[in-house]
Amino acid sequence: MSNIRLGVNIDHVATVRNARGENYPSPLQAAIIAEKSGAHSVTIHLREDRRHIRDEDLKLIKSKIKIPLNLEIAATKEMLNIALKNKPKFVCIVPEKRKEITTEGGLNLNYRINFLKEVIQKLKKNGSRVSLFIEPNLKDVLLSKKLGVHCVEFHTGKICNLINKKKTYKSEYDRIQAAAKLASTQGIEVHAGHGLTYQSAKIIKKIKFIEEFNIGHFLVGESIFYGLKNVIKKFKRIIK
Ligand code: PXP
C-alpha cells in the first residue's frame, strides 16, 4: 500500500461562499471534516486578491484544527509577514499572478532569488516546514536545494491535462520521476499537486519518492455528487 499523505485544499469551499457574499459554506467546517476524515493536512492559499480564502479563515482554521495547516503564499512582504505572524506548520511558496484562474505553473526561482532566499530563511527560523511549488525539472530541484527548503511540490498540471485528454503522458511521467529521484537524493521531501483527479492520482502515486499529494478542485467538485442526494432528501423532509 502506498503511504502518500493527503493534503486537502479547501480553497474552493471559500470560492462558493464568496460567490454569494454569505457566510456559508464554511471553510472551517470543511477543514474540520477533512481532519475527521483522515486528511493529513489542510491546505489553503491566501491570495493577494483574497478571491477565496480570507485572513479570518486563516486565523480561525489555524486555531481549530490539530492536523498541520499548509499555507500557500506568494513570496511577497505582505504574505511573509502574515505567515510569520500566524506560524502555520507548513508553508508552500507558490507563484501568483492576479489574472490567472489558478496557479498555472511552477515558481520562477531566478526571479528575485535573494528575496526568495530571505523569505525561506525567515519562515524556517519561525518553525514552518517550507516547500517550493516548482516545475518537475532537475535544474529547479538543484536550485531548491541551494535555497535550503525542506520540500518541493511538483506542479502536476501538465501530466494531469495529458491524462484527462487521453494523450500520451510517458515523457512527463518520466520527467517527474527523474526530478523526484534527484530531490530525494538531495534530502528534499517530494510532494505533488495541481489538477489531480482519481485517475491521475492513481497513475502519479506510482512515481517513486512522492510523499504527499495536495488536492483541491476535483476533490471539492466531487464532494457535490457525494452529498447531493442527502441534501435533496433532507430538503424534501423539511418541506413535507
Ligand atoms: N498544490 C499547490 C501548490 C497549489 O497551488 C494548488 C492549487 O493550485 C494545488 C496543489 C491544488 O490544485 P487543485 O485545486 O487543482 O487540486
# chains A, B, ... in the order shown; residues from 1 in each chain; ligands from 1
>>> closest_atom_pairs(of="chain A", to="ligand 1", cutoff="6 Å", atoms="only C-alpha atoms and all ligand atoms", output="tab-separated table")
residue	atom	partner	partner_atom_place_in_ligand_line	distance
A:Val94	CA	ligand 1	3 (C)	5.9
A:Thr102	CA	ligand 1	8 (O)	5.4
A:Thr103	CA	ligand 1	8 (O)	4.6
A:Phe133	CA	ligand 1	3 (C)	5.2
A:Gly193	CA	ligand 1	10 (C)	4.0
A:His194	CA	ligand 1	12 (O)	3.4
A:Gly195	CA	ligand 1	15 (O)	3.5
A:Leu196	CA	ligand 1	16 (O)	5.3
A:Asn214	CA	ligand 1	10 (C)	4.6
A:Ile215	CA	ligand 1	16 (O)	3.7
A:Gly216	CA	ligand 1	16 (O)	3.6
A:His217	CA	ligand 1	14 (O)	3.7
A:Phe218	CA	ligand 1	16 (O)	5.8
>>> write_last_selection(atoms="C-alpha atoms", output="PDB file, in the first residue's frame")
ATOM      1  CA  VAL A  94       3.696  29.469  -4.952  1.00  0.00           C
ATOM      2  CA  THR A 102      -5.400  29.129 -10.956  1.00  0.00           C
ATOM      3  CA  THR A 103      -1.687  28.602 -10.292  1.00  0.00           C
ATOM      4  CA  PHE A 133       5.929  24.768  -5.794  1.00  0.00           C
ATOM      5  CA  GLY A 193      -0.234  18.702  -6.740  1.00  0.00           C
ATOM      6  CA  HIS A 194      -2.428  20.530  -9.196  1.00  0.00           C
ATOM      7  CA  GLY A 195      -5.228  19.113 -11.265  1.00  0.00           C
ATOM      8  CA  LEU A 196      -5.208  15.692  -9.612  1.00  0.00           C
ATOM      9  CA  ASN A 214      -2.275  18.248  -2.278  1.00  0.00           C
ATOM     10  CA  ILE A 215      -5.680  18.028  -3.906  1.00  0.00           C
ATOM     11  CA  GLY A 216      -8.397  20.650  -4.082  1.00  0.00           C
ATOM     12  CA  HIS A 217     -10.542  21.485  -7.083  1.00  0.00           C
ATOM     13  CA  PHE A 218     -11.532  17.972  -8.126  1.00  0.00           C
TER      14      PHE A 218
END
>>> select_by_dssp(residues="region 5-225 of chain A", states="strand (DSSP E or B)", output="MDAnalysis selection string")
chainID A and resid 5:9 41:45 69:73 90:93 129:134 151:155 189:193 210:215
>>> residues_around(residues="Glu172 (chain A)", least_positions_apart="2", cutoff="12 Å", atoms="only C-alpha atoms", output="list of chain:residue names")
A:Glu135, A:Pro136, A:Asn137, A:Phe154, A:His155, A:Thr156, A:Gly157, A:Lys158, A:Ile159, A:Cys160, A:Asn161, A:Leu162, A:Ile163, A:Lys167, A:Thr168, A:Tyr169, A:Lys170, A:Asp174, A:Arg175, A:Ile176, A:Gln177, A:Ala178, A:Ala179, A:Ile203, A:Ile204, A:Ile207
>>> select_by_dssp(residues="region 47-135 of chain A", states="alpha helix (DSSP H)", output="number ranges by chain")
A: 55-64, 77-86, 113-125
>>> residues_around(residues="Val119 (chain A)", least_positions_apart="5", cutoff="9 Å", atoms="only C-alpha atoms", output="PDB file with N, CA and C atoms, in the first residue's frame")
ATOM      1  N   ALA A  75       5.626  34.799  -2.703  1.00  0.00           N
ATOM      2  CA  ALA A  75       6.787  35.350  -1.994  1.00  0.00           C
ATOM      3  C   ALA A  75       6.719  36.869  -2.032  1.00  0.00           C
ATOM      4  N   THR A  76       5.881  37.434  -1.171  1.00  0.00           N
ATOM      5  CA  THR A  76       5.785  38.891  -1.068  1.00  0.00           C
ATOM      6  C   THR A  76       5.966  39.278   0.399  1.00  0.00           C
ATOM      7  N   LYS A  77       6.272  40.541   0.624  1.00  0.00           N
ATOM      8  CA  LYS A  77       6.465  41.009   2.005  1.00  0.00           C
ATOM      9  C   LYS A  77       5.198  40.823   2.822  1.00  0.00           C
ATOM     10  N   LEU A  80       4.667  37.148   3.603  1.00  0.00           N
ATOM     11  CA  LEU A  80       5.685  36.692   4.562  1.00  0.00           C
ATOM     12  C   LEU A  80       5.281  37.120   5.970  1.00  0.00           C
ATOM     13  N   ASN A 114      17.293  36.437  -4.272  1.00  0.00           N
ATOM     14  CA  ASN A 114      17.793  36.794  -2.936  1.00  0.00           C
ATOM     15  C   ASN A 114      16.656  37.037  -1.965  1.00  0.00           C
ATOM     16  N   LYS A 124      11.664  29.365   7.914  1.00  0.00           N
ATOM     17  CA  LYS A 124      12.275  28.215   8.589  1.00  0.00           C
ATOM     18  C   LYS A 124      12.605  28.564  10.040  1.00  0.00           C
TER      19      LYS A 124
END
>>> residues_around(residues="region 15-26 of chain A", least_positions_apart="5", cutoff="8 Å", atoms="only C-alpha atoms", output="list in words")
Arg51, His52 and Ile53 of chain A
>>> residues_around(residues="region 32-40 of chain A", least_positions_apart="5", cutoff="6 Å", atoms="only C-alpha atoms", output="PDB file with all heavy atoms, in the first residue's frame")
ATOM      1  N   ARG A   5       0.822  10.877   1.852  1.00  0.00           N
ATOM      2  CA  ARG A   5      -0.090  11.670   2.698  1.00  0.00           C
ATOM      3  C   ARG A   5      -1.023  12.501   1.801  1.00  0.00           C
ATOM      4  O   ARG A   5      -0.643  12.887   0.686  1.00  0.00           O
ATOM      5  CB  ARG A   5       0.710  12.616   3.610  1.00  0.00           C
ATOM      6  CG  ARG A   5       1.646  11.893   4.577  1.00  0.00           C
ATOM      7  CD  ARG A   5       2.252  12.881   5.554  1.00  0.00           C
ATOM      8  NE  ARG A   5       2.965  13.946   4.872  1.00  0.00           N
ATOM      9  CZ  ARG A   5       4.253  13.907   4.561  1.00  0.00           C
ATOM     10  NH1 ARG A   5       4.991  12.861   4.880  1.00  0.00           N
ATOM     11  NH2 ARG A   5       4.834  14.923   3.932  1.00  0.00           N
ATOM     12  N   LEU A   6      -2.204  12.789   2.342  1.00  0.00           N
ATOM     13  CA  LEU A   6      -3.155  13.601   1.576  1.00  0.00           C
ATOM     14  C   LEU A   6      -3.379  14.954   2.256  1.00  0.00           C
ATOM     15  O   LEU A   6      -3.863  15.025   3.387  1.00  0.00           O
ATOM     16  CB  LEU A   6      -4.497  12.859   1.449  1.00  0.00           C
ATOM     17  CG  LEU A   6      -5.603  13.653   0.737  1.00  0.00           C
ATOM     18  CD1 LEU A   6      -5.234  13.960  -0.713  1.00  0.00           C
ATOM     19  CD2 LEU A   6      -6.934  12.895   0.777  1.00  0.00           C
ATOM     20  N   GLY A   7      -3.012  15.994   1.544  1.00  0.00           N
ATOM     21  CA  GLY A   7      -3.347  17.346   1.980  1.00  0.00           C
ATOM     22  C   GLY A   7      -4.597  17.782   1.236  1.00  0.00           C
ATOM     23  O   GLY A   7      -4.658  17.674   0.006  1.00  0.00           O
TER      24      GLY A   7
END
>>> residues_around(residues="Lys208 (chain A)", least_positions_apart="3", cutoff="8 Å", atoms="only C-alpha atoms", output="list of chain:residue names")
A:Gln177, A:Ala180, A:Lys181, A:Lys205
>>> write_last_selection(atoms="C-alpha atoms", output="PDB file, in the first residue's frame")
ATOM      1  CA  GLN A 177      10.175  10.583 -11.815  1.00  0.00           C
ATOM      2  CA  ALA A 180      11.641  13.217  -7.715  1.00  0.00           C
ATOM      3  CA  LYS A 181      14.634  10.895  -7.596  1.00  0.00           C
ATOM      4  CA  LYS A 205       1.119   7.655  -6.989  1.00  0.00           C
TER       5      LYS A 205
END
>>> closest_residue(among="A:Thr43, A:Ile101, A:Lys233, A:Pro27", to="Glu212 (chain A)", atoms="only C-alpha atoms")
A:Thr43
